[in-house]
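As stored in input_19.cif (mmCIF, C-alpha atoms):
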```
data_final
loop_
_atom_site.label_atom_id
_atom_site.label_comp_id
_atom_site.auth_asym_id
_atom_site.auth_seq_id
_atom_site.Cartn_x
_atom_site.Cartn_y
_atom_site.Cartn_z
CA MET A 1 -33.60 -9.21 -23.97
CA SER A 2 -31.06 -6.37 -23.64
CA ASN A 3 -33.93 -4.04 -22.69
CA GLN A 4 -34.58 -6.25 -19.67
CA LEU A 5 -31.00 -6.15 -18.39
CA PRO A 6 -29.50 -3.28 -16.39
CA LEU A 7 -27.12 -1.10 -18.40
CA GLU A 8 -24.22 -2.01 -16.11
CA VAL A 9 -24.73 -5.70 -16.88
CA CYS A 10 -24.89 -4.98 -20.63
CA LYS A 11 -21.68 -2.99 -20.34
CA ARG A 12 -19.87 -5.82 -18.57
CA ILE A 13 -20.98 -8.25 -21.28
CA VAL A 14 -19.72 -5.99 -24.06
CA GLU A 15 -16.38 -5.50 -22.30
CA HIS A 16 -15.61 -9.21 -22.75
CA LEU A 17 -15.12 -8.48 -26.47
CA LEU A 18 -11.66 -7.15 -27.36
CA PRO A 19 -11.58 -4.23 -29.83
CA MET A 20 -8.34 -5.50 -31.39
CA TYR A 21 -9.77 -8.91 -32.31
CA ASP A 22 -13.56 -8.61 -32.13
CA ASN A 23 -14.28 -5.39 -34.02
CA PRO A 24 -16.77 -7.02 -36.45
CA ALA A 25 -18.63 -8.64 -33.54
CA ILE A 26 -18.75 -5.37 -31.57
CA ALA A 27 -19.97 -3.46 -34.65
CA ALA A 28 -22.68 -6.07 -35.25
CA LEU A 29 -23.70 -5.93 -31.60
CA ALA A 30 -24.08 -2.14 -31.83
CA ARG A 31 -26.72 -2.64 -34.54
CA THR A 32 -28.85 -5.16 -32.62
CA SER A 33 -30.77 -2.71 -30.41
CA ARG A 34 -30.99 0.90 -29.33
CA ALA A 35 -30.09 -0.07 -25.78
CA LEU A 36 -26.82 -1.77 -26.79
CA HIS A 37 -25.81 0.71 -29.50
CA PRO A 38 -24.21 3.44 -27.33
CA ILE A 39 -22.49 0.87 -25.09
CA ALA A 40 -21.06 -1.17 -27.98
CA GLU A 41 -20.08 1.90 -30.00
CA GLU A 42 -18.17 3.44 -27.11
CA HIS A 43 -16.33 0.15 -26.56
CA LEU A 44 -15.61 -0.18 -30.29
CA TYR A 45 -13.80 3.17 -30.38
CA SER A 46 -12.21 2.92 -26.92
CA SER A 47 -9.05 1.29 -28.36
CA LEU A 48 -7.73 2.07 -31.84
CA TYR A 49 -5.09 -0.23 -33.36
CA SER A 50 -2.59 -0.30 -36.26
CA LEU A 51 -3.53 3.00 -37.81
CA GLY A 52 -2.68 2.66 -41.50
CA ASP A 53 -3.88 4.95 -44.31
CA ARG A 54 -7.24 3.22 -44.74
CA MET A 55 -7.90 2.93 -41.03
CA LEU A 56 -7.08 6.59 -40.43
CA HIS A 57 -9.40 7.64 -43.25
CA ALA A 58 -12.23 5.47 -41.88
CA ILE A 59 -11.76 6.81 -38.35
CA LEU A 60 -11.82 10.42 -39.54
CA GLN A 61 -15.04 9.74 -41.43
CA ALA A 62 -16.56 8.13 -38.32
CA PHE A 63 -15.52 11.12 -36.18
CA THR A 64 -16.96 13.58 -38.70
CA SER A 65 -20.30 11.79 -38.96
CA ARG A 66 -20.70 11.56 -35.15
CA PRO A 67 -18.44 14.03 -33.29
CA ILE A 68 -19.26 12.41 -29.93
CA ARG A 69 -17.07 9.47 -31.01
CA THR A 70 -13.96 11.64 -30.55
CA SER A 71 -14.48 11.37 -26.79
CA TYR A 72 -14.44 7.55 -26.79
CA PRO A 73 -10.78 6.60 -27.50
CA ARG A 74 -8.74 5.87 -24.38
CA GLN A 75 -5.99 3.73 -25.93
CA LEU A 76 -4.15 4.33 -29.18
CA PHE A 77 -1.78 1.75 -30.69
CA ILE A 78 0.21 3.10 -33.63
CA ARG A 79 2.61 1.32 -35.98
CA PRO A 80 3.89 4.21 -38.09
CA PRO A 81 6.04 3.59 -41.16
CA GLU A 82 9.51 5.05 -41.48
CA HIS A 83 9.08 8.79 -41.42
CA GLU A 84 10.83 9.47 -44.73
CA ARG A 85 8.88 6.77 -46.61
CA ALA A 86 5.38 7.62 -45.42
CA PRO A 87 3.28 9.88 -47.70
CA GLN A 88 2.39 13.29 -46.36
CA THR A 89 -1.29 12.36 -46.41
CA TYR A 90 -0.60 9.74 -43.74
CA TRP A 91 0.95 12.26 -41.36
CA ASN A 92 -1.83 14.78 -42.05
CA GLN A 93 -4.49 12.20 -41.21
CA LEU A 94 -2.65 10.98 -38.12
CA SER A 95 -2.27 14.58 -36.96
CA ASP A 96 -6.02 15.12 -37.37
CA VAL A 97 -6.82 11.96 -35.36
CA LEU A 98 -4.47 13.02 -32.55
CA LYS A 99 -6.01 16.50 -32.43
CA LEU A 100 -9.55 15.11 -32.30
CA CYS A 101 -9.06 12.43 -29.63
CA GLY A 102 -5.70 13.23 -28.03
CA ALA A 103 -7.21 15.17 -25.14
CA ASP A 104 -8.93 12.05 -23.75
CA LEU A 105 -6.21 9.48 -24.42
CA LYS A 106 -4.88 7.61 -21.40
CA LEU A 107 -2.54 5.12 -23.12
CA LEU A 108 -0.41 5.62 -26.21
CA CYS A 109 1.64 2.75 -27.61
CA ILE A 110 3.96 3.34 -30.57
CA VAL A 111 5.32 0.16 -32.14
CA GLY A 112 8.31 1.23 -34.17
CA ASN A 113 10.18 -0.18 -37.14
CA ASP A 114 11.97 3.09 -37.85
CA PRO A 115 15.70 2.67 -37.04
CA GLU A 116 16.05 6.41 -36.38
CA PHE A 117 12.84 6.64 -34.32
CA SER A 118 11.88 9.80 -36.22
CA SER A 119 8.28 8.55 -36.47
CA ALA A 120 7.98 8.30 -32.69
CA SER A 121 9.56 11.75 -32.31
CA TRP A 122 6.99 13.17 -34.75
CA VAL A 123 4.09 11.69 -32.74
CA LEU A 124 5.50 13.05 -29.46
CA ARG A 125 5.92 16.50 -31.01
CA SER A 126 2.27 16.41 -32.07
CA LEU A 127 1.19 15.73 -28.48
CA ARG A 128 3.20 18.51 -26.84
CA ASP A 129 0.57 21.23 -26.88
CA MET A 130 -2.39 19.04 -26.02
CA PRO A 131 -3.56 19.49 -22.43
CA GLY A 132 -4.30 15.78 -22.35
CA ARG A 133 -4.88 13.04 -19.83
CA LEU A 134 -2.21 10.69 -21.12
CA ARG A 135 -1.19 8.35 -18.31
CA VAL A 136 0.86 5.62 -20.04
CA LEU A 137 3.38 5.99 -22.87
CA ARG A 138 5.02 2.95 -24.47
CA SER A 139 7.34 3.89 -27.27
CA PRO A 140 10.79 3.34 -28.76
CA PHE A 141 12.66 6.63 -28.94
CA TRP A 142 16.07 8.18 -28.58
CA TRP A 143 16.70 10.00 -25.31
CA ASP A 144 17.32 13.42 -26.79
CA THR A 145 16.00 16.98 -26.68
CA GLU A 146 12.83 15.92 -28.55
CA VAL A 147 11.86 13.48 -25.81
CA VAL A 148 12.75 15.95 -23.05
CA GLY A 149 10.65 18.59 -24.83
CA PHE A 150 7.62 16.30 -24.73
CA LEU A 151 8.16 15.31 -21.08
CA GLU A 152 8.28 18.99 -20.14
CA SER A 153 5.11 19.82 -22.09
CA ASP A 154 1.44 19.88 -21.10
CA GLY A 155 0.93 16.66 -23.03
CA ALA A 156 2.94 14.73 -20.42
CA ARG A 157 1.64 16.56 -17.37
CA ASN A 158 -0.44 13.59 -16.13
CA LEU A 159 1.97 10.85 -17.25
CA THR A 160 2.37 8.15 -14.57
CA ARG A 161 4.02 5.34 -16.54
CA LEU A 162 6.78 5.53 -19.13
CA GLU A 163 8.05 2.47 -21.01
CA ASN A 164 10.89 2.89 -23.47
CA GLY A 165 10.23 -0.43 -25.19
CA ASP A 166 11.12 -2.32 -28.35
CA VAL A 167 14.42 -0.53 -28.87
CA PRO A 168 17.14 -2.65 -30.52
CA GLY A 169 20.08 -3.51 -28.31
CA VAL A 170 22.53 -1.80 -30.66
CA ALA A 171 20.61 1.44 -30.32
CA LEU A 172 20.69 1.28 -26.54
CA GLU A 173 24.41 0.64 -26.57
CA ALA A 174 24.98 3.64 -28.80
CA GLN A 175 22.70 6.11 -27.07
CA GLN A 176 24.58 7.35 -24.07
CA MET A 177 22.58 10.29 -22.76
CA PRO A 178 24.34 13.63 -23.34
CA SER A 179 25.69 14.99 -20.08
CA ALA A 180 24.15 18.38 -20.84
CA LEU A 181 20.65 16.92 -21.07
CA SER A 182 18.48 17.84 -18.11
CA LEU A 183 14.82 17.68 -17.18
CA ARG A 184 12.89 20.48 -15.54
CA ARG A 185 12.07 19.66 -11.91
CA ASP A 186 8.33 20.11 -12.38
CA ALA A 187 8.21 17.88 -15.48
CA VAL A 188 6.26 14.58 -15.26
CA ALA A 189 5.69 15.25 -11.58
CA ASN A 190 3.26 12.33 -11.27
CA LEU A 191 5.58 9.67 -12.72
CA THR A 192 5.46 6.43 -10.70
CA GLN A 193 6.59 3.66 -13.10
CA VAL A 194 9.61 3.83 -15.39
CA ASP A 195 10.95 1.27 -17.86
CA ALA A 196 14.06 2.79 -19.44
CA PRO A 197 17.85 2.56 -19.94
CA PRO A 198 19.95 3.25 -16.84
CA SER A 199 21.04 6.68 -18.08
CA ALA A 200 17.39 7.71 -18.49
CA LEU A 201 16.53 6.41 -15.01
CA CYS A 202 19.13 8.73 -13.56
CA LEU A 203 17.32 11.60 -15.29
CA LEU A 204 13.74 10.59 -14.42
CA VAL A 205 13.72 9.06 -10.94
CA PRO A 206 15.29 11.75 -8.70
CA GLY A 207 12.71 14.20 -7.40
CA ARG A 208 9.68 12.21 -8.61
CA PRO A 209 7.40 9.73 -6.78
CA VAL A 210 8.68 6.71 -8.72
CA THR A 211 7.84 3.36 -7.11
CA HIS A 212 8.43 0.85 -9.95
CA VAL A 213 11.64 0.68 -11.98
CA ARG A 214 12.78 -1.64 -14.75
CA LEU A 215 16.15 -1.40 -16.46
CA ARG A 216 15.75 -1.57 -20.21
CA LEU A 217 18.89 -3.24 -21.51
CA GLY A 218 20.08 -4.25 -24.94
CA GLN A 219 21.32 -7.68 -25.98
CA ALA A 220 24.86 -6.36 -26.29
CA THR A 221 24.88 -4.81 -22.82
CA THR A 222 28.20 -5.08 -21.02
CA LEU A 223 29.23 -4.08 -17.54
CA HIS A 224 30.94 -0.86 -18.66
CA THR A 225 27.67 0.48 -20.12
CA LEU A 226 25.90 0.17 -16.76
CA PRO A 227 26.34 2.65 -13.91
CA PRO A 228 28.03 1.14 -10.84
CA ALA A 229 25.52 -0.58 -8.59
CA MET A 230 26.23 1.91 -5.77
CA TYR A 231 25.59 4.90 -8.07
CA LEU A 232 22.42 3.39 -9.53
CA LEU A 233 20.91 2.85 -6.07
CA LYS A 234 22.28 5.79 -4.07
CA ASP A 235 22.35 8.64 -6.58
CA CYS A 236 19.37 7.58 -8.68
CA LEU A 237 16.77 5.23 -7.21
CA MET A 238 17.21 6.33 -3.59
CA ARG A 239 16.20 9.88 -4.59
CA SER A 240 12.62 8.94 -5.41
CA THR A 241 10.15 11.09 -3.46
CA ALA A 242 7.54 8.32 -3.03
CA PRO A 243 6.69 7.74 0.69
CA ASN A 244 8.41 4.32 0.70
CA GLY A 245 10.70 5.02 -2.23
CA VAL A 246 11.15 2.45 -4.98
CA ILE A 247 9.31 -0.73 -3.96
CA ALA A 248 9.71 -2.75 -7.18
CA LEU A 249 13.02 -3.17 -8.99
CA ASP A 250 13.42 -5.27 -12.12
CA LEU A 251 16.99 -5.52 -13.38
CA GLY A 252 15.73 -6.32 -16.85
CA ASP A 253 17.30 -8.81 -19.20
CA LEU A 254 20.84 -8.92 -17.81
CA THR A 255 22.63 -11.81 -19.46
CA PRO A 256 24.06 -14.51 -17.18
CA SER A 257 27.67 -13.91 -18.15
CA HIS A 258 29.97 -13.69 -15.15
CA PRO A 259 30.40 -9.88 -14.81
CA LEU A 260 26.68 -9.17 -15.17
CA GLU A 261 25.82 -12.03 -12.83
CA THR A 262 28.03 -10.29 -10.28
CA TYR A 263 26.33 -6.97 -11.00
CA SER A 264 22.84 -8.26 -10.21
CA ILE A 265 24.06 -9.80 -6.95
CA GLU A 266 25.77 -6.52 -6.02
CA VAL A 267 22.49 -4.68 -6.53
CA LEU A 268 20.70 -7.23 -4.33
CA GLU A 269 23.34 -6.87 -1.61
CA LEU A 270 23.19 -3.07 -1.63
CA ALA A 271 19.40 -2.81 -1.94
CA PRO A 272 18.59 -3.07 1.82
CA SER A 273 20.73 0.00 2.55
CA PHE A 274 19.12 2.21 -0.09
CA LEU A 275 15.71 0.62 -0.85
CA PRO A 276 14.64 -0.90 2.49
CA HIS A 277 10.95 -1.12 1.53
CA LEU A 278 11.40 -3.29 -1.57
CA LYS A 279 8.47 -5.63 -2.19
CA PHE A 280 9.69 -7.00 -5.52
CA ILE A 281 13.14 -7.56 -6.97
CA GLY A 282 13.41 -9.42 -10.19
CA THR A 283 15.45 -11.21 -12.78
CA ILE A 284 18.44 -11.82 -10.54
CA ASN A 285 20.81 -14.19 -12.27
CA PHE A 286 21.03 -17.09 -9.86
CA PRO A 287 24.65 -17.38 -8.67
CA TRP A 288 26.15 -20.62 -9.94
CA THR A 289 29.91 -20.16 -9.81
CA LYS A 290 32.61 -20.51 -7.18
CA ASP A 291 33.27 -16.77 -7.33
CA VAL A 292 29.59 -15.93 -6.74
CA PRO A 293 28.17 -18.52 -4.32
CA ALA A 294 24.44 -18.80 -3.69
CA THR A 295 25.00 -17.98 -0.01
CA ARG A 296 25.49 -14.32 -0.98
CA ILE A 297 21.71 -14.11 -1.38
CA TYR A 298 20.92 -14.95 2.25
CA LYS A 299 22.21 -11.83 4.03
CA PRO A 300 20.30 -9.24 1.94
CA LEU A 301 17.10 -11.27 2.34
CA LEU A 302 17.38 -10.93 6.11
CA ARG A 303 17.45 -7.14 5.70
CA LEU A 304 14.41 -6.83 3.41
CA PRO A 305 11.49 -7.40 5.80
CA GLU A 306 8.81 -6.33 3.31
CA LEU A 307 9.95 -8.42 0.33
CA HIS A 308 7.04 -10.31 -1.25
CA ILE A 309 8.28 -11.48 -4.66
CA LEU A 310 11.72 -12.65 -5.78
CA GLU A 311 12.54 -13.66 -9.35
CA PHE A 312 15.59 -15.55 -10.63
CA VAL A 313 16.94 -16.50 -14.02
CA VAL A 314 18.21 -20.11 -13.97
CA SER A 315 18.58 -20.66 -17.74
CA HIS A 316 22.39 -20.69 -17.46
CA ILE A 317 22.49 -23.61 -15.01
CA HIS A 318 23.52 -26.97 -16.48
CA PRO A 319 22.13 -29.49 -16.22
CA PRO A 320 18.75 -27.70 -16.12
CA VAL A 321 17.13 -27.52 -12.70
CA ASP A 322 13.91 -29.41 -11.98
CA SER A 323 10.82 -28.64 -9.90
CA TYR A 324 12.25 -30.37 -6.81
CA TRP A 325 15.27 -28.07 -6.87
CA GLU A 326 13.05 -25.00 -7.32
CA LEU A 327 10.82 -26.02 -4.41
CA SER A 328 13.79 -26.61 -2.11
CA MET A 329 15.27 -23.21 -3.04
CA ALA A 330 11.93 -21.49 -2.43
CA CYS A 331 11.62 -23.04 1.04
CA GLU A 332 15.24 -22.22 1.83
CA PHE A 333 14.89 -18.56 0.85
CA ARG A 334 11.72 -18.20 2.91
CA THR A 335 13.61 -19.22 6.05
CA PHE A 336 15.70 -16.06 5.55
CA SER A 337 12.78 -13.88 4.42
CA PRO A 338 9.48 -14.92 6.09
CA SER A 339 7.62 -12.18 4.21
CA LEU A 340 8.19 -13.93 0.84
CA ARG A 341 4.94 -14.89 -0.85
CA GLU A 342 6.19 -15.83 -4.26
CA LEU A 343 9.35 -17.21 -5.91
CA VAL A 344 9.76 -17.21 -9.68
CA PHE A 345 12.34 -19.11 -11.73
CA TRP A 346 12.88 -18.33 -15.41
CA GLN A 347 14.12 -21.15 -17.65
CA GLY A 348 14.31 -19.64 -21.09
CA TYR A 349 10.79 -18.42 -21.82
CA ASP A 350 9.22 -20.70 -19.20
CA ARG A 351 8.19 -18.93 -16.02
CA HIS A 352 7.80 -21.23 -13.01
CA ARG A 353 5.88 -19.43 -10.29
CA TRP A 354 5.85 -20.83 -6.73
CA ILE A 355 3.28 -19.36 -4.34
CA TRP A 356 3.31 -19.67 -0.56
CA LEU A 357 0.09 -21.04 0.94
CA GLU A 358 -0.31 -20.27 4.62
CA HIS A 359 -2.79 -23.08 5.29
CA GLU A 360 -0.48 -25.60 3.58
CA VAL A 361 2.67 -24.10 5.12
CA ASP A 362 4.36 -24.84 1.80
CA PHE A 363 4.95 -23.55 -1.70
CA VAL A 364 2.86 -24.78 -4.63
CA LEU A 365 3.56 -24.44 -8.33
CA ALA A 366 1.03 -22.01 -9.81
CA ALA A 367 -0.51 -22.26 -13.25
CA GLN A 368 1.21 -20.45 -16.10
CA GLU A 369 -0.04 -16.93 -16.66
CA PRO A 370 1.00 -13.83 -18.65
CA TYR A 371 4.08 -12.21 -17.18
CA PRO A 372 3.00 -9.23 -15.06
CA ILE A 373 5.32 -6.25 -15.32
CA TRP A 374 7.23 -5.65 -12.11
CA GLY A 375 5.71 -8.73 -10.54
CA GLY A 376 2.30 -7.14 -10.23
CA VAL A 377 3.09 -5.33 -6.95
#
```
Could you rewrite the structure in this file as C-alpha cells?
Amino acid sequence: MSNQLPLEVCKRIVEHLLPMYDNPAIAALARTSRALHPIAEEHLYSSLYSLGDRMLHAILQAFTSRPIRTSYPRQLFIRPPEHERAPQTYWNQLSDVLKLCGADLKLLCIVGNDPEFSSASWVLRSLRDMPGRLRVLRSPFWWDTEVVGFLESDGARNLTRLENGDVPGVALEAQQMPSALSLRRDAVANLTQVDAPPSALCLLVPGRPVTHVRLRLGQATTLHTLPPAMYLLKDCLMRSTAPNGVIALDLGDLTPSHPLETYSIEVLELAPSFLPHLKFIGTINFPWTKDVPATRIYKPLLRLPELHILEFVVSHIHPPVDSYWELSMACEFRTFSPSLRELVFWQGYDRHRWIWLEHEVDFVLAAQEPYPIWGGV
C-alpha cells in the first residue's frame, strides 16, 4: 500500500512516531518496503538519545556500514557521566559521533549530573572547530572562559537559542560572572532567545537581536543576587538590536517572598519605558500584601499596547483562589489592556490558562497543555 501513497504522505505518517519512544516500531517499519525504508531510516536517526557506551558503539557501527546516515541526525540528547568517572573509550566514541554528525546538528541537549559541569565543557570544546548548523543549545554549564570560547567559535556561529538549564540553585548562587569576562561583539550574532542567569544576560543580550529572555534563577535566589530592575532593563535588555527589542520576558521562578515579589512588580512597572513592544511578560508574583497592592499592575498595563499574554503566580495566596476569582481578574486586567489575549495563573504545578474569545466577548478556561516556553509568542 505504501507504493500507492505519495512520498510526502508516507513521510507525514512516519513522523507521528517518536524516535525516543518508538525506535523499535520505526526500525520495523523501515524493513517493510523499499519505499518506506529511506523515509523511516532517516527519521530513526534524526534524533539520538541517551548516548551510553553501548548506544555510541551501535551508532558508530551504523554510520560505518552506511555513511549516508551521518547526515540524518538533527537533534542530539546526551546524558554524559561525570567526566572523571567515565572511561576514556566513552569520550573517544562520543568524539567520533560528534565529528561524524556534528556538522548537521541543529539541536544539542546535554542533561548533566556532573556537579562541576566538566562533561558539558568537554562536549562544547569538541564542537568549537566544527563549522556546524547548531541552532539550539540546552545545557548546564558554568559561565566561564570555556563557555565563552565556544560561543566565539565557528560551532556557535548559527546559534539562535541558548538555554542554560538544569543547573542546581546552589551553583547559580555561587557563579557570579567574573567582571573580566567579555564576549566578542561578532560572537553568536544570530542569537534571538536566551534562558540564562541575570549576569549572563548582561553579557549576551546587548548588541544582539535577542527577542525572548528568561531569567534562570536558583531556588536560593535572593534580592541581592539579582541586578537592580532598572539596570536589568536599561543596561541589558534595552540594548537588544532586534527591530522591536525584547518582546517576551519571563522572570523565571522568582519565589513569592516579599522582596522578590516587589522585584517582579518593579520590572513590570519599568517595562513600558524600556521594552514598549512587549507581547509577553510572565511569572509575575501576584501582589497580595498591603505594601504591594494589586492596583500597581494597572498603570503599566495601560502603557503596553501590544501585550498579548500575561502570566501570574498565585500559589502564595491563602486561601487558594478559585476559577471565579481568576475570571474576574482576567476581565479586570483586560479593561486596562485591551490587547490582552491570554491570562495565565499558576497554582503550584497547575497552569490555568484563560483565553479571550472575541465572538463571546469573554474569557474561557482553556484545556491543559504543555507549558510553552516564553508563552509561545
Any chance you could work out the residue set of the PyMOL selection byres ((chain A and resi 315) around 6) here, as JSON, numbers by chain? {"A": [313, 314, 316, 317, 347, 348]}
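We find atom CA of Leu108 of chain A and atom CA of Ala242 of chain A to be spaced 24.7 Å apart.
What separates atom CA of Arg69 of chain A from atom CA of Gln93 of chain A is a distance of 16.4 Å.
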Tell me which residues the PyMOL selection byres ((chain A and resi 163) around 7) grabs here, as a PyMOL selection string. chain A and resi 137-139+161-162+164-165+194-196
In Å to one decimal, how far is atom CA of Val344 of chain A from atom CA of Leu365 of chain A? 9.6 Å
Would you kindly translate the PyMOL selection byres ((chain A and resi 210) around 12) into the concrete residues it picks from this file, as a PyMOL selection string? chain A and resi 159-162+188-195+201-209+211-214+236-249
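With distances taken from (-8.6, 6.7, -27.7) and restricted to all atoms listed in the file, the residues inside 8 Å are Tyr45, Ser46, Ser47, Leu48, Thr70, Ser71, Tyr72, Pro73, Arg74, Gln75, Leu76, Cys101, Gly102, Asp104, Leu105, Lys106 and Leu107 of chain A.
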Can you tell me, as a list in words, what residues are no more than 10 Å from Glu326 of chain A when counting all atoms listed in the file, ignoring any on the same chain fewer than 4 positions away? Val314, Val321, Asp322, Ala330, Cys331, Glu332, Leu343, Val344, Phe345, His352, Arg353, Trp354, Phe363 and Leu365 of chain A
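Neighbourhood of point (16.7, -10.8, 8.2): residues with an atom at most 12 Å away, counting all atoms listed in the file, are A:Pro272, A:Pro276, A:Ile297, A:Tyr298, A:Lys299, A:Pro300, A:Leu301, A:Leu302, A:Arg303, A:Leu304, A:Pro305, A:Glu306, A:Leu307, A:Phe333, A:Arg334, A:Thr335, A:Phe336, A:Ser337, A:Pro338, A:Ser339, A:Leu340.
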Please produce an output containing C-alpha atoms for each residue in the selection, written as an mmCIF file, in the frame of the given file.
```
data_model
loop_
_atom_site.group_PDB
_atom_site.id
_atom_site.type_symbol
_atom_site.label_atom_id
_atom_site.label_comp_id
_atom_site.auth_asym_id
_atom_site.auth_seq_id
_atom_site.Cartn_x
_atom_site.Cartn_y
_atom_site.Cartn_z
ATOM 1 C CA PRO A 272 18.590 -3.070 1.820
ATOM 2 C CA PRO A 276 14.640 -0.900 2.490
ATOM 3 C CA ILE A 297 21.710 -14.110 -1.380
ATOM 4 C CA TYR A 298 20.920 -14.950 2.250
ATOM 5 C CA LYS A 299 22.210 -11.830 4.030
ATOM 6 C CA PRO A 300 20.300 -9.240 1.940
ATOM 7 C CA LEU A 301 17.100 -11.270 2.340
ATOM 8 C CA LEU A 302 17.380 -10.930 6.110
ATOM 9 C CA ARG A 303 17.450 -7.140 5.700
ATOM 10 C CA LEU A 304 14.410 -6.830 3.410
ATOM 11 C CA PRO A 305 11.490 -7.400 5.800
ATOM 12 C CA GLU A 306 8.810 -6.330 3.310
ATOM 13 C CA LEU A 307 9.950 -8.420 0.330
ATOM 14 C CA PHE A 333 14.890 -18.560 0.850
ATOM 15 C CA ARG A 334 11.720 -18.200 2.910
ATOM 16 C CA THR A 335 13.610 -19.220 6.050
ATOM 17 C CA PHE A 336 15.700 -16.060 5.550
ATOM 18 C CA SER A 337 12.780 -13.880 4.420
ATOM 19 C CA PRO A 338 9.480 -14.920 6.090
ATOM 20 C CA SER A 339 7.620 -12.180 4.210
ATOM 21 C CA LEU A 340 8.190 -13.930 0.840
#
```
For segment 3-16 of chain A, please output as a JSON list (two decimals) with C-alpha atoms, keeping the file's coordinate frame all residues within 9 Å (counting all atoms listed in the file; exclusion window: fewer than 5 positions along the same chain).
```
[["chain", "number", "residue", "atom", "x", "y", "z"],
["A", 26, "ILE", "CA", -18.75, -5.37, -31.57],
["A", 29, "LEU", "CA", -23.70, -5.93, -31.60],
["A", 33, "SER", "CA", -30.77, -2.71, -30.41],
["A", 34, "ARG", "CA", -30.99, 0.90, -29.33],
["A", 35, "ALA", "CA", -30.09, -0.07, -25.78],
["A", 36, "LEU", "CA", -26.82, -1.77, -26.79],
["A", 39, "ILE", "CA", -22.49, 0.87, -25.09],
["A", 40, "ALA", "CA", -21.06, -1.17, -27.98],
["A", 43, "HIS", "CA", -16.33, 0.15, -26.56]]
```
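Among the candidates A:Val111, A:Ile78, A:Val136, A:Leu60, the residue lying nearest to Lys99 of chain A is A:Leu60 (atoms considered: only C-alpha atoms).
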Near-segment 228-231 of chain A list (7 Å; all atoms listed in the file; drop same-chain fewer than 5 positions) as a PyMOL selection string: chain A and resi 236+263+266-267
Would you save segment 76-100 of chain A to a file, keeping C-alpha atoms, as a short mmCIF file (atom, residue, chain, number, x, y, z; two decimals), in the first residue's frame?
```
data_model
loop_
_atom_site.label_atom_id
_atom_site.label_comp_id
_atom_site.auth_asym_id
_atom_site.auth_seq_id
_atom_site.Cartn_x
_atom_site.Cartn_y
_atom_site.Cartn_z
CA LEU A 76 21.34 15.03 19.91
CA PHE A 77 20.39 14.41 23.55
CA ILE A 78 23.35 13.45 25.73
CA ARG A 79 23.46 12.38 29.37
CA PRO A 80 27.21 12.12 29.96
CA PRO A 81 28.58 10.62 33.18
CA GLU A 82 30.85 12.60 35.47
CA HIS A 83 33.93 13.39 33.46
CA GLU A 84 36.43 11.84 35.88
CA ARG A 85 34.45 8.59 36.22
CA ALA A 86 33.77 7.90 32.56
CA PRO A 87 36.20 5.53 30.76
CA GLN A 88 38.32 7.02 28.02
CA THR A 89 36.62 4.78 25.47
CA TYR A 90 33.35 6.61 26.13
CA TRP A 91 34.85 10.01 25.34
CA ASN A 92 36.63 8.63 22.26
CA GLN A 93 33.37 7.22 20.91
CA LEU A 94 31.41 10.37 21.72
CA SER A 95 34.08 12.45 19.99
CA ASP A 96 33.79 10.25 16.89
CA VAL A 97 29.98 10.62 16.84
CA LEU A 98 30.24 14.41 17.17
CA LYS A 99 32.79 14.59 14.36
CA LEU A 100 30.65 12.45 12.04
#
```
